[in-house]
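Visitor: I am sharing target-v3.cif, which consists of mmCIF, C-alpha atoms:
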data_run
loop_
_atom_site.label_atom_id
_atom_site.label_comp_id
_atom_site.auth_asym_id
_atom_site.auth_seq_id
_atom_site.Cartn_x
_atom_site.Cartn_y
_atom_site.Cartn_z
CA MET A 1 -65.74 -8.21 157.35
CA LYS A 2 -66.30 -5.35 159.77
CA VAL A 3 -67.36 -1.84 158.71
CA GLU A 4 -67.39 1.22 160.95
CA ILE A 5 -68.64 4.64 159.86
CA THR A 6 -66.27 7.19 161.40
CA ASP A 7 -67.52 10.34 159.66
CA LEU A 8 -70.76 11.08 157.82
CA SER A 9 -72.41 14.11 156.24
CA ASP A 10 -74.75 14.59 153.29
CA GLU A 11 -71.86 14.71 150.82
CA GLU A 12 -68.97 12.91 152.54
CA MET A 13 -68.39 9.61 154.31
CA GLU A 14 -65.42 7.91 155.94
CA LEU A 15 -65.36 4.21 156.76
CA VAL A 16 -62.98 1.85 158.47
CA VAL A 17 -63.16 -1.48 156.64
CA ASP A 18 -61.61 -4.39 158.54
CA GLU A 19 -60.98 -8.01 157.52
CA ALA A 20 -60.92 -7.08 153.82
CA ASN A 21 -58.24 -6.83 151.12
CA PRO A 22 -57.04 -4.18 148.65
CA TYR A 23 -58.91 -5.81 145.76
CA PHE A 24 -62.27 -5.41 147.45
CA VAL A 25 -61.88 -1.78 148.56
CA ASN A 26 -60.48 -0.82 145.15
CA THR A 27 -63.48 -2.45 143.46
CA LEU A 28 -65.78 -0.45 145.73
CA ARG A 29 -63.88 2.72 144.84
CA ARG A 30 -64.26 2.10 141.12
CA ILE A 31 -67.98 1.36 141.36
CA LEU A 32 -68.55 4.57 143.33
CA THR A 33 -66.76 6.70 140.74
CA GLU A 34 -67.75 4.87 137.56
CA GLU A 35 -71.08 3.06 137.84
CA ILE A 36 -73.54 4.95 140.04
CA PRO A 37 -76.21 6.43 137.72
CA GLN A 38 -76.25 10.20 137.38
CA MET A 39 -78.27 12.73 135.42
CA ALA A 40 -76.34 15.19 133.26
CA ILE A 41 -76.99 17.41 130.26
CA GLU A 42 -76.16 15.70 126.99
CA ASP A 43 -77.61 17.90 124.20
CA VAL A 44 -77.86 21.68 124.02
CA ILE A 45 -79.61 23.75 121.35
CA VAL A 46 -78.41 27.37 121.38
CA TYR A 47 -80.89 29.76 119.77
CA ASP A 48 -79.09 33.00 120.55
CA ASN A 49 -75.69 33.64 122.12
CA THR A 50 -74.10 37.06 121.96
CA SER A 51 -71.98 36.58 125.10
CA ALA A 52 -68.18 36.57 125.19
CA LEU A 53 -68.08 32.75 125.28
CA PHE A 54 -68.49 30.37 122.36
CA ASP A 55 -71.46 27.99 122.28
CA GLU A 56 -69.13 25.04 122.93
CA ILE A 57 -67.73 26.54 126.13
CA ILE A 58 -71.17 27.33 127.54
CA THR A 59 -72.37 23.84 126.62
CA HIS A 60 -69.38 22.30 128.39
CA ARG A 61 -70.18 24.26 131.56
CA LEU A 62 -73.83 23.22 131.44
CA CYS A 63 -72.94 19.55 131.03
CA LEU A 64 -70.87 19.58 134.22
CA LEU A 65 -73.65 20.98 136.41
CA PRO A 66 -74.73 18.47 139.12
CA LEU A 67 -78.34 17.42 138.57
CA PRO A 68 -80.53 15.30 140.88
CA TRP A 69 -81.44 11.78 139.84
CA ASP A 70 -83.76 9.02 140.98
CA ASP A 71 -85.16 5.75 139.63
CA ARG A 72 -87.88 7.62 137.73
CA PHE A 73 -85.49 8.10 134.81
CA ARG A 74 -84.03 5.16 132.92
CA PHE A 75 -81.00 4.72 130.72
CA ARG A 76 -81.89 5.62 127.14
CA ASP A 77 -80.64 2.33 125.73
CA LYS A 78 -82.93 0.47 128.16
CA CYS A 79 -85.96 2.72 127.67
CA SER A 80 -89.08 1.71 125.73
CA CYS A 81 -88.47 4.63 123.33
CA LYS A 82 -85.34 2.79 122.10
CA GLY A 83 -83.06 5.77 122.58
CA GLU A 84 -85.16 8.43 120.87
CA GLY A 85 -85.71 10.33 124.12
CA CYS A 86 -88.98 10.43 126.04
CA SER A 87 -90.28 11.55 129.43
CA ASN A 88 -89.01 8.32 130.98
CA CYS A 89 -85.37 8.87 130.03
CA THR A 90 -85.00 12.57 129.14
CA LEU A 91 -85.35 15.77 131.15
CA HIS A 92 -85.61 19.19 129.48
CA TYR A 93 -84.22 22.53 130.66
CA THR A 94 -84.53 26.04 129.27
CA LEU A 95 -82.52 29.22 129.77
CA SER A 96 -83.31 32.74 128.57
CA LYS A 97 -81.45 35.77 129.95
CA GLU A 98 -80.46 39.22 128.74
CA GLY A 99 -77.68 41.40 130.18
CA PRO A 100 -76.33 43.07 132.03
CA CYS A 101 -76.26 40.16 134.47
CA THR A 102 -74.41 37.01 135.49
CA ILE A 103 -76.08 33.76 134.56
CA TYR A 104 -76.00 31.19 137.33
CA SER A 105 -77.01 27.54 137.46
CA ARG A 106 -80.31 28.54 139.07
CA ASP A 107 -81.25 30.26 135.80
CA LEU A 108 -81.45 26.88 134.11
CA ILE A 109 -85.16 26.08 134.46
CA PRO A 110 -86.24 22.40 134.50
CA GLU A 111 -89.54 21.23 133.09
CA ILE A 112 -90.05 19.38 136.40
CA PRO A 113 -89.35 21.75 139.33
CA ASP A 114 -87.98 18.97 141.56
CA TYR A 115 -85.00 18.52 139.23
CA ALA A 116 -83.39 21.95 139.50
CA VAL A 117 -79.58 22.08 139.54
CA VAL A 118 -78.28 20.90 142.94
CA ASP A 119 -76.06 23.95 143.48
CA PRO A 120 -77.89 27.13 142.39
CA SER A 121 -74.86 29.43 142.67
CA ILE A 122 -72.54 28.07 139.97
CA PRO A 123 -71.64 30.89 137.52
CA ILE A 124 -72.01 30.07 133.82
CA VAL A 125 -71.36 33.31 131.93
CA GLU A 126 -71.49 37.06 132.43
CA LEU A 127 -73.64 39.08 130.02
CA LYS A 128 -72.90 42.69 129.23
CA GLU A 129 -75.55 45.18 128.16
CA GLU A 130 -77.66 44.00 125.19
CA GLN A 131 -76.02 40.54 125.27
CA ARG A 132 -78.35 37.50 125.31
CA LEU A 133 -78.30 33.79 125.88
CA ILE A 134 -81.27 31.63 124.89
CA LEU A 135 -81.07 27.85 124.79
CA GLU A 136 -82.69 24.49 125.48
CA ALA A 137 -80.97 21.49 127.00
CA GLU A 138 -81.70 17.78 127.34
CA ALA A 139 -80.41 15.72 130.26
CA MET A 140 -80.12 11.95 130.35
CA VAL A 141 -78.86 9.24 132.69
CA GLY A 142 -75.33 7.94 132.35
CA GLN A 143 -72.36 6.57 134.29
CA GLY A 144 -68.97 7.96 135.21
CA ARG A 145 -67.15 5.39 133.06
CA GLU A 146 -68.69 7.06 130.00
CA HIS A 147 -67.85 10.66 130.89
CA ALA A 148 -66.86 12.68 133.97
CA LYS A 149 -70.13 14.64 133.84
CA TRP A 150 -71.94 11.47 134.93
CA GLN A 151 -69.60 10.91 137.88
CA ALA A 152 -71.82 11.11 140.95
CA VAL A 153 -68.89 10.56 143.34
CA SER A 154 -66.23 13.16 142.63
CA ARG A 155 -63.59 11.67 144.93
CA ALA A 156 -63.06 8.21 146.39
CA SER A 157 -59.88 6.95 148.00
CA TYR A 158 -58.55 4.56 150.62
CA LYS A 159 -55.37 3.95 152.55
CA TYR A 160 -53.95 1.16 154.65
CA TYR A 161 -54.86 1.48 158.32
CA PRO A 162 -51.79 2.75 160.17
CA GLU A 163 -50.01 0.56 162.72
CA ILE A 164 -47.59 2.48 164.95
CA GLN A 165 -45.48 0.63 167.50
CA ILE A 166 -43.28 2.38 170.08
CA ASP A 167 -40.57 0.51 172.02
CA ASN A 168 -40.30 2.48 175.27
CA LYS A 169 -37.15 0.56 176.22
CA LYS A 170 -35.31 2.03 173.24
CA CYS A 171 -36.96 5.45 173.40
CA ASP A 172 -34.81 8.18 174.96
CA ASP A 173 -37.61 10.80 174.97
CA CYS A 174 -35.78 13.05 172.53
CA LYS A 175 -39.14 14.08 171.04
CA GLN A 176 -37.69 14.24 167.52
CA CYS A 177 -40.35 11.90 166.19
CA VAL A 178 -43.11 14.11 167.65
CA ASP A 179 -41.68 17.22 165.99
CA ALA A 180 -41.11 15.42 162.68
CA CYS A 181 -44.70 14.16 162.28
CA PRO A 182 -46.46 16.44 159.74
CA ASN A 183 -49.94 15.36 160.86
CA ASN A 184 -49.36 15.78 164.60
CA CYS A 185 -50.14 12.10 165.29
CA LEU A 186 -47.73 11.69 168.19
CA GLY A 187 -47.47 13.27 171.61
CA LEU A 188 -45.26 13.25 174.71
CA GLU A 189 -46.75 12.76 178.16
CA ASN A 190 -45.10 11.82 181.46
CA GLY A 191 -41.85 11.23 179.62
CA LYS A 192 -43.34 8.74 177.16
CA ILE A 193 -44.18 8.98 173.47
CA PHE A 194 -47.76 7.99 172.66
CA VAL A 195 -50.05 7.91 169.62
CA LYS A 196 -52.77 10.53 169.98
CA ASP A 197 -54.34 10.41 166.50
CA LEU A 198 -53.72 7.13 164.70
CA ARG A 199 -56.11 7.59 161.77
CA SER A 200 -54.44 10.86 160.74
CA CYS A 201 -51.17 9.05 160.05
CA SER A 202 -50.32 9.20 156.34
CA LEU A 203 -47.67 6.44 156.59
CA CYS A 204 -44.98 8.91 155.52
CA LYS A 205 -42.59 7.45 158.14
CA ALA A 206 -41.04 10.84 158.89
CA CYS A 207 -41.10 9.88 162.57
CA VAL A 208 -39.19 6.68 161.83
CA GLU A 209 -36.49 8.61 159.97
CA ALA A 210 -36.22 11.14 162.81
CA CYS A 211 -35.90 8.48 165.54
CA GLU A 212 -32.17 7.70 165.83
CA SER A 213 -32.73 5.01 168.45
CA GLY A 214 -35.08 2.99 166.22
CA ALA A 215 -37.78 2.96 168.88
CA ILE A 216 -40.69 3.56 166.51
CA THR A 217 -42.00 1.55 163.57
CA VAL A 218 -44.83 2.45 161.20
CA ASN A 219 -46.63 0.05 158.87
CA GLY A 220 -49.94 -0.20 157.07
CA SER A 221 -52.31 -3.12 157.53
CA ASP A 222 -53.23 -4.90 154.30
CA GLN A 223 -56.45 -6.17 155.91
CA LYS A 224 -57.77 -2.94 157.37
CA PHE A 225 -58.44 0.28 155.44
CA ILE A 226 -59.63 3.85 155.86
CA PHE A 227 -62.02 4.52 152.99
CA ASN A 228 -63.51 7.94 152.23
CA PHE A 229 -65.45 9.51 149.39
CA GLU A 230 -67.35 12.66 148.46
CA THR A 231 -70.34 13.15 146.15
CA ASN A 232 -71.02 16.20 144.00
CA GLY A 233 -74.26 16.85 145.90
CA ASN A 234 -76.67 15.11 143.55
CA ILE A 235 -76.91 12.11 145.87
CA LYS A 236 -76.36 11.68 149.60
CA ALA A 237 -73.18 9.87 150.60
CA LYS A 238 -75.15 7.17 152.44
CA ASP A 239 -77.34 6.50 149.40
CA ALA A 240 -74.29 6.43 147.11
CA LEU A 241 -72.66 3.73 149.22
CA LEU A 242 -75.86 1.64 149.35
CA LYS A 243 -76.22 1.94 145.57
CA ALA A 244 -72.60 0.90 145.07
CA VAL A 245 -73.08 -2.15 147.29
CA GLU A 246 -76.23 -3.04 145.34
CA LEU A 247 -74.35 -2.82 142.03
CA LEU A 248 -71.47 -4.87 143.43
CA ASP A 249 -73.87 -7.57 144.60
CA GLU A 250 -75.42 -7.72 141.12
CA LYS A 251 -71.98 -8.18 139.58
CA TYR A 252 -71.14 -11.06 141.92
CA LYS A 253 -74.45 -12.76 141.14
CA GLU A 254 -73.96 -12.33 137.39
CA PHE A 255 -70.43 -13.73 137.61
CA ALA A 256 -71.63 -16.73 139.63
CA LYS A 257 -74.40 -17.37 137.09
CA LYS A 258 -72.02 -17.32 134.13
CA LEU A 259 -69.45 -19.40 135.97
CA SER A 260 -72.02 -22.09 136.73
CA LYS A 261 -72.66 -22.51 133.00
CA THR A 262 -69.00 -23.13 132.19
CA VAL A 263 -67.98 -25.40 135.07
#
Write out the structure in this file as C-alpha cells.

Guide:
Amino acid sequence: MKVEITDLSDEEMELVVDEANPYFVNTLRRILTEEIPQMAIEDVIVYDNTSALFDEIITHRLCLLPLPWDDRFRFRDKCSCKGEGCSNCTLHYTLSKEGPCTIYSRDLIPEIPDYAVVDPSIPIVELKEEQRLILEAEAMVGQGREHAKWQAVSRASYKYYPEIQIDNKKCDDCKQCVDACPNNCLGLENGKIFVKDLRSCSLCKACVEACESGAITVNGSDQKFIFNFETNGNIKAKDALLKAVELLDEKYKEFAKKLSKTV
C-alpha cells in the first residue's frame, strides 16, 4: 500500500491511497467518524434560566460544543470510579451570565483552563435585560457511534481515483468535452485535449456524453482512492489519522487473537 498526503492543515487532510480496496478505506472512514475518543458535555444542571430558550434547547447546544481531549481522561465505564464520575473521567464547566448580552461558548468556564471550548465564538443564547442563565455542566469521553456530539471527525469521505484516457486519433478538437466539464479538469493546447487537473474529476462523465466522436473515456480505479476528512477542531487532522490507524491495528490484533482460538 502507498499513501501520499496531498493536502494538510490543522483541521483537514487529503490522502491518495494506492494499492488498497474499498473495504479498507471505508473501514478507515468509519473509524474516523465513529471511534476516535472525544470529550463532550453529557449532564447539565440549570439553576436559573429566564432566557427565551427552554433548558433542553440550551443543553442541546452545549452538548454539541467541541471540547479538547487527551489521554488524561478515561471512559467512565473503564474508570476506577466505576462510572460515578471523578477527576479522571469527568470535567466540570460553569456558566453564569446576566443580560443584556449574548452568551458565547467562551463564557463556559472549565475547572481546568486548558480545556476551554475549542471555538470561543459559538453563540448559545441571547439574554435581554434582567434575563439570566446560571448552570453547571459535566463533560465525559465518548465515541461518535454513541452520539454525534462525540464525533471528533465531522466529515470523512473517499472517491475512486479518476482515470481519464483521450484517443487523439478520434478527437476532432471540437472542445465540447472541455466546455462540458463542471470541474474544469480538461484543457485544449496546441490543438490537443489534455487533462490539467485529474484529482478534481468527480467521475460525472459529462465530458464523455459531450464527446460525439467517443475519443474520451472516464473510469475510477478500484485500487486507488482520494480520501479526505475534516475534524471539528478538537483534534488535529494528523493526530486523528494516527489515532484511527492505532484503533484499526488493535482491531486486527484482537480479531487474529480470537481467530487463533477457534481454528

Visitor: Could you expand the PyMOL selection byres ((chain A and resi 130-134) around 8) into the explicit residues it covers here, written as a PyMOL selection string?

Guide: chain A and resi 46-51+94-100+127-129+135-136

Visitor: I need the residue set behind the PyMOL selection byres ((chain A and resi 107-123) around 12) for this file; please write it as a PDB file with C-alpha atoms, keeping the file's coordinate frame.

Guide:
ATOM      1  CA  GLU A  11     -71.860  14.710 150.820  1.00  0.00           C
ATOM      2  CA  MET A  39     -78.270  12.730 135.420  1.00  0.00           C
ATOM      3  CA  ALA A  40     -76.340  15.190 133.260  1.00  0.00           C
ATOM      4  CA  ILE A  41     -76.990  17.410 130.260  1.00  0.00           C
ATOM      5  CA  VAL A  44     -77.860  21.680 124.020  1.00  0.00           C
ATOM      6  CA  ILE A  58     -71.170  27.330 127.540  1.00  0.00           C
ATOM      7  CA  ARG A  61     -70.180  24.260 131.560  1.00  0.00           C
ATOM      8  CA  LEU A  62     -73.830  23.220 131.440  1.00  0.00           C
ATOM      9  CA  CYS A  63     -72.940  19.550 131.030  1.00  0.00           C
ATOM     10  CA  LEU A  64     -70.870  19.580 134.220  1.00  0.00           C
ATOM     11  CA  LEU A  65     -73.650  20.980 136.410  1.00  0.00           C
ATOM     12  CA  PRO A  66     -74.730  18.470 139.120  1.00  0.00           C
ATOM     13  CA  LEU A  67     -78.340  17.420 138.570  1.00  0.00           C
ATOM     14  CA  PRO A  68     -80.530  15.300 140.880  1.00  0.00           C
ATOM     15  CA  TRP A  69     -81.440  11.780 139.840  1.00  0.00           C
ATOM     16  CA  ASP A  70     -83.760   9.020 140.980  1.00  0.00           C
ATOM     17  CA  ARG A  72     -87.880   7.620 137.730  1.00  0.00           C
ATOM     18  CA  PHE A  73     -85.490   8.100 134.810  1.00  0.00           C
ATOM     19  CA  SER A  87     -90.280  11.550 129.430  1.00  0.00           C
ATOM     20  CA  THR A  90     -85.000  12.570 129.140  1.00  0.00           C
ATOM     21  CA  LEU A  91     -85.350  15.770 131.150  1.00  0.00           C
ATOM     22  CA  HIS A  92     -85.610  19.190 129.480  1.00  0.00           C
ATOM     23  CA  TYR A  93     -84.220  22.530 130.660  1.00  0.00           C
ATOM     24  CA  THR A  94     -84.530  26.040 129.270  1.00  0.00           C
ATOM     25  CA  LEU A  95     -82.520  29.220 129.770  1.00  0.00           C
ATOM     26  CA  SER A  96     -83.310  32.740 128.570  1.00  0.00           C
ATOM     27  CA  LYS A  97     -81.450  35.770 129.950  1.00  0.00           C
ATOM     28  CA  GLU A  98     -80.460  39.220 128.740  1.00  0.00           C
ATOM     29  CA  CYS A 101     -76.260  40.160 134.470  1.00  0.00           C
ATOM     30  CA  THR A 102     -74.410  37.010 135.490  1.00  0.00           C
ATOM     31  CA  ILE A 103     -76.080  33.760 134.560  1.00  0.00           C
ATOM     32  CA  TYR A 104     -76.000  31.190 137.330  1.00  0.00           C
ATOM     33  CA  SER A 105     -77.010  27.540 137.460  1.00  0.00           C
ATOM     34  CA  ARG A 106     -80.310  28.540 139.070  1.00  0.00           C
ATOM     35  CA  ILE A 124     -72.010  30.070 133.820  1.00  0.00           C
ATOM     36  CA  VAL A 125     -71.360  33.310 131.930  1.00  0.00           C
ATOM     37  CA  GLU A 126     -71.490  37.060 132.430  1.00  0.00           C
ATOM     38  CA  LEU A 127     -73.640  39.080 130.020  1.00  0.00           C
ATOM     39  CA  LEU A 133     -78.300  33.790 125.880  1.00  0.00           C
ATOM     40  CA  ILE A 134     -81.270  31.630 124.890  1.00  0.00           C
ATOM     41  CA  LEU A 135     -81.070  27.850 124.790  1.00  0.00           C
ATOM     42  CA  GLU A 136     -82.690  24.490 125.480  1.00  0.00           C
ATOM     43  CA  ALA A 137     -80.970  21.490 127.000  1.00  0.00           C
ATOM     44  CA  GLU A 138     -81.700  17.780 127.340  1.00  0.00           C
ATOM     45  CA  ALA A 139     -80.410  15.720 130.260  1.00  0.00           C
ATOM     46  CA  ALA A 152     -71.820  11.110 140.950  1.00  0.00           C
ATOM     47  CA  THR A 231     -70.340  13.150 146.150  1.00  0.00           C
ATOM     48  CA  ASN A 232     -71.020  16.200 144.000  1.00  0.00           C
ATOM     49  CA  GLY A 233     -74.260  16.850 145.900  1.00  0.00           C
ATOM     50  CA  ASN A 234     -76.670  15.110 143.550  1.00  0.00           C
ATOM     51  CA  ILE A 235     -76.910  12.110 145.870  1.00  0.00           C
ATOM     52  CA  LYS A 236     -76.360  11.680 149.600  1.00  0.00           C
TER      53      LYS A 236
END

Visitor: Could you tell me how far CA of Cys79 (chain A) lies from CA of Ala148 (chain A), in Å and to one decimal?

Guide: 22.4 Å

Visitor: Suppose you want the space between CA of Ser213 (chain A) and CA of Tyr160 (chain A); what is it in Å?

Guide: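 Between CA of Ser213 (chain A) and CA of Tyr160 (chain A) the gap works out to 25.6 Å.
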
Visitor: Which of these, A:Ile226, A:Ala210, A:Leu28, A:Leu248, has the shortest distance to Glu4 (chain A) once you count all atoms listed in the file?

Guide: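 Once distances to Glu4 (chain A) are computed over all atoms listed in the file, the minimum belongs to A:Ile226.
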
Visitor: Give me, please, the distance in Å between CA of Ser154 (chain A) and CA of Leu32 (chain A), quoted to one decimal.

Guide: 8.9 Å

Visitor: Expand the PyMOL selection byres ((chain A and resi 220) around 12) into the explicit residue set it covers here, and present it as a list in words.

Guide: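 Listing what the PyMOL selection byres ((chain A and resi 220) around 12) selects in the shown file: Pro22, Tyr158, Lys159, Tyr160, Tyr161, Pro162, Glu163, Ile164, Gln165, Leu198, Arg199, Cys201, Ser202, Leu203, Cys204, Lys205, Thr217, Val218, Asn219, Ser221, Asp222, Gln223, Lys224, Phe225 and Ile226 of chain A.
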
Visitor: Between A:Met13, A:Ile5, A:Leu241, A:Cys174, which is the closest to Ile193 (chain A) once you count all atoms listed in the file?

Guide: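 Of A:Met13, A:Ile5, A:Leu241, A:Cys174, the one nearest Ile193 (chain A) is A:Cys174, counting all atoms listed in the file.
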
Visitor: Hey, which of A:Lys196, A:Lys251, A:Lys258, A:Lys170 ends up closest to Cys211 (chain A)? Count all atoms listed in the file.

Guide: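 Checking each of A:Lys196, A:Lys251, A:Lys258, A:Lys170 against Cys211 (chain A), counting all atoms listed in the file, the winner is A:Lys170.
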
Visitor: Can you give me N, CA, C and O atoms for region 179-203 of chain A, written as a PDB file, keeping the file's coordinate frame?

Guide:
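The resulting file, part-v4.pdb, is reproduced below:
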ATOM      1  N   ASP A 179     -41.873  15.995 166.774  1.00  0.00           N
ATOM      2  CA  ASP A 179     -41.680  17.220 165.990  1.00  0.00           C
ATOM      3  C   ASP A 179     -41.663  16.935 164.492  1.00  0.00           C
ATOM      4  O   ASP A 179     -42.053  17.793 163.690  1.00  0.00           O
ATOM      5  N   ALA A 180     -41.241  15.738 164.105  1.00  0.00           N
ATOM      6  CA  ALA A 180     -41.110  15.420 162.680  1.00  0.00           C
ATOM      7  C   ALA A 180     -42.448  15.045 162.039  1.00  0.00           C
ATOM      8  O   ALA A 180     -42.608  15.163 160.818  1.00  0.00           O
ATOM      9  N   CYS A 181     -43.416  14.610 162.836  1.00  0.00           N
ATOM     10  CA  CYS A 181     -44.700  14.160 162.280  1.00  0.00           C
ATOM     11  C   CYS A 181     -45.475  15.327 161.682  1.00  0.00           C
ATOM     12  O   CYS A 181     -45.849  16.263 162.400  1.00  0.00           O
ATOM     13  N   PRO A 182     -45.760  15.315 160.370  1.00  0.00           N
ATOM     14  CA  PRO A 182     -46.460  16.440 159.740  1.00  0.00           C
ATOM     15  C   PRO A 182     -47.946  16.515 160.086  1.00  0.00           C
ATOM     16  O   PRO A 182     -48.581  17.560 159.930  1.00  0.00           O
ATOM     17  N   ASN A 183     -48.508  15.403 160.557  1.00  0.00           N
ATOM     18  CA  ASN A 183     -49.940  15.360 160.860  1.00  0.00           C
ATOM     19  C   ASN A 183     -50.234  15.404 162.357  1.00  0.00           C
ATOM     20  O   ASN A 183     -51.385  15.211 162.769  1.00  0.00           O
ATOM     21  N   ASN A 184     -49.194  15.640 163.160  1.00  0.00           N
ATOM     22  CA  ASN A 184     -49.360  15.780 164.600  1.00  0.00           C
ATOM     23  C   ASN A 184     -50.028  14.537 165.216  1.00  0.00           C
ATOM     24  O   ASN A 184     -50.949  14.643 166.026  1.00  0.00           O
ATOM     25  N   CYS A 185     -49.551  13.357 164.816  1.00  0.00           N
ATOM     26  CA  CYS A 185     -50.140  12.100 165.290  1.00  0.00           C
ATOM     27  C   CYS A 185     -49.582  11.658 166.631  1.00  0.00           C
ATOM     28  O   CYS A 185     -50.208  10.855 167.326  1.00  0.00           O
ATOM     29  N   LEU A 186     -48.399  12.146 166.978  1.00  0.00           N
ATOM     30  CA  LEU A 186     -47.730  11.690 168.190  1.00  0.00           C
ATOM     31  C   LEU A 186     -47.709  12.770 169.258  1.00  0.00           C
ATOM     32  O   LEU A 186     -47.822  13.963 168.956  1.00  0.00           O
ATOM     33  N   GLY A 187     -47.551  12.337 170.502  1.00  0.00           N
ATOM     34  CA  GLY A 187     -47.470  13.270 171.610  1.00  0.00           C
ATOM     35  C   GLY A 187     -46.509  12.759 172.671  1.00  0.00           C
ATOM     36  O   GLY A 187     -46.091  11.588 172.644  1.00  0.00           O
ATOM     37  N   LEU A 188     -46.157  13.612 173.603  1.00  0.00           N
ATOM     38  CA  LEU A 188     -45.260  13.250 174.710  1.00  0.00           C
ATOM     39  C   LEU A 188     -45.953  13.584 176.023  1.00  0.00           C
ATOM     40  O   LEU A 188     -46.374  14.717 176.249  1.00  0.00           O
ATOM     41  N   GLU A 189     -46.086  12.557 176.871  1.00  0.00           N
ATOM     42  CA  GLU A 189     -46.750  12.760 178.160  1.00  0.00           C
ATOM     43  C   GLU A 189     -46.079  11.902 179.219  1.00  0.00           C
ATOM     44  O   GLU A 189     -45.838  10.699 179.009  1.00  0.00           O
ATOM     45  N   ASN A 190     -45.767  12.522 180.346  1.00  0.00           N
ATOM     46  CA  ASN A 190     -45.100  11.820 181.460  1.00  0.00           C
ATOM     47  C   ASN A 190     -43.825  11.117 181.011  1.00  0.00           C
ATOM     48  O   ASN A 190     -43.512   9.995 181.444  1.00  0.00           O
ATOM     49  N   GLY A 191     -43.117  11.774 180.082  1.00  0.00           N
ATOM     50  CA  GLY A 191     -41.850  11.230 179.620  1.00  0.00           C
ATOM     51  C   GLY A 191     -41.959  10.075 178.651  1.00  0.00           C
ATOM     52  O   GLY A 191     -40.976   9.382 178.380  1.00  0.00           O
ATOM     53  N   LYS A 192     -43.144   9.835 178.096  1.00  0.00           N
ATOM     54  CA  LYS A 192     -43.340   8.740 177.160  1.00  0.00           C
ATOM     55  C   LYS A 192     -44.022   9.226 175.888  1.00  0.00           C
ATOM     56  O   LYS A 192     -44.930  10.057 175.940  1.00  0.00           O
ATOM     57  N   ILE A 193     -43.559   8.679 174.760  1.00  0.00           N
ATOM     58  CA  ILE A 193     -44.180   8.980 173.470  1.00  0.00           C
ATOM     59  C   ILE A 193     -45.435   8.132 173.320  1.00  0.00           C
ATOM     60  O   ILE A 193     -45.432   6.933 173.621  1.00  0.00           O
ATOM     61  N   PHE A 194     -46.519   8.735 172.870  1.00  0.00           N
ATOM     62  CA  PHE A 194     -47.760   7.990 172.660  1.00  0.00           C
ATOM     63  C   PHE A 194     -48.421   8.446 171.364  1.00  0.00           C
ATOM     64  O   PHE A 194     -48.134   9.528 170.844  1.00  0.00           O
ATOM     65  N   VAL A 195     -49.309   7.599 170.845  1.00  0.00           N
ATOM     66  CA  VAL A 195     -50.050   7.910 169.620  1.00  0.00           C
ATOM     67  C   VAL A 195     -51.357   8.578 170.025  1.00  0.00           C
ATOM     68  O   VAL A 195     -52.189   7.974 170.699  1.00  0.00           O
ATOM     69  N   LYS A 196     -51.550   9.815 169.586  1.00  0.00           N
ATOM     70  CA  LYS A 196     -52.770  10.530 169.980  1.00  0.00           C
ATOM     71  C   LYS A 196     -53.796  10.626 168.846  1.00  0.00           C
ATOM     72  O   LYS A 196     -54.951  10.946 169.100  1.00  0.00           O
ATOM     73  N   ASP A 197     -53.382  10.364 167.613  1.00  0.00           N
ATOM     74  CA  ASP A 197     -54.340  10.410 166.500  1.00  0.00           C
ATOM     75  C   ASP A 197     -53.867   9.438 165.420  1.00  0.00           C
ATOM     76  O   ASP A 197     -53.195   9.818 164.467  1.00  0.00           O
ATOM     77  N   LEU A 198     -54.217   8.181 165.585  1.00  0.00           N
ATOM     78  CA  LEU A 198     -53.720   7.130 164.700  1.00  0.00           C
ATOM     79  C   LEU A 198     -54.225   7.269 163.270  1.00  0.00           C
ATOM     80  O   LEU A 198     -53.479   7.122 162.310  1.00  0.00           O
ATOM     81  N   ARG A 199     -55.517   7.567 163.114  1.00  0.00           N
ATOM     82  CA  ARG A 199     -56.110   7.590 161.770  1.00  0.00           C
ATOM     83  C   ARG A 199     -55.581   8.719 160.899  1.00  0.00           C
ATOM     84  O   ARG A 199     -55.706   8.678 159.689  1.00  0.00           O
ATOM     85  N   SER A 200     -54.989   9.752 161.520  1.00  0.00           N
ATOM     86  CA  SER A 200     -54.440  10.860 160.740  1.00  0.00           C
ATOM     87  C   SER A 200     -53.078  10.535 160.144  1.00  0.00           C
ATOM     88  O   SER A 200     -52.561  11.285 159.310  1.00  0.00           O
ATOM     89  N   CYS A 201     -52.490   9.435 160.552  1.00  0.00           N
ATOM     90  CA  CYS A 201     -51.170   9.050 160.050  1.00  0.00           C
ATOM     91  C   CYS A 201     -51.251   8.766 158.551  1.00  0.00           C
ATOM     92  O   CYS A 201     -52.113   8.022 158.081  1.00  0.00           O
ATOM     93  N   SER A 202     -50.347   9.383 157.800  1.00  0.00           N
ATOM     94  CA  SER A 202     -50.320   9.200 156.340  1.00  0.00           C
ATOM     95  C   SER A 202     -49.294   8.168 155.900  1.00  0.00           C
ATOM     96  O   SER A 202     -49.032   8.021 154.703  1.00  0.00           O
ATOM     97  N   LEU A 203     -48.676   7.471 156.862  1.00  0.00           N
ATOM     98  CA  LEU A 203     -47.670   6.440 156.590  1.00  0.00           C
ATOM     99  C   LEU A 203     -46.433   7.015 155.891  1.00  0.00           C
ATOM    100  O   LEU A 203     -45.762   6.325 155.130  1.00  0.00           O
TER     101      LEU A 203
END
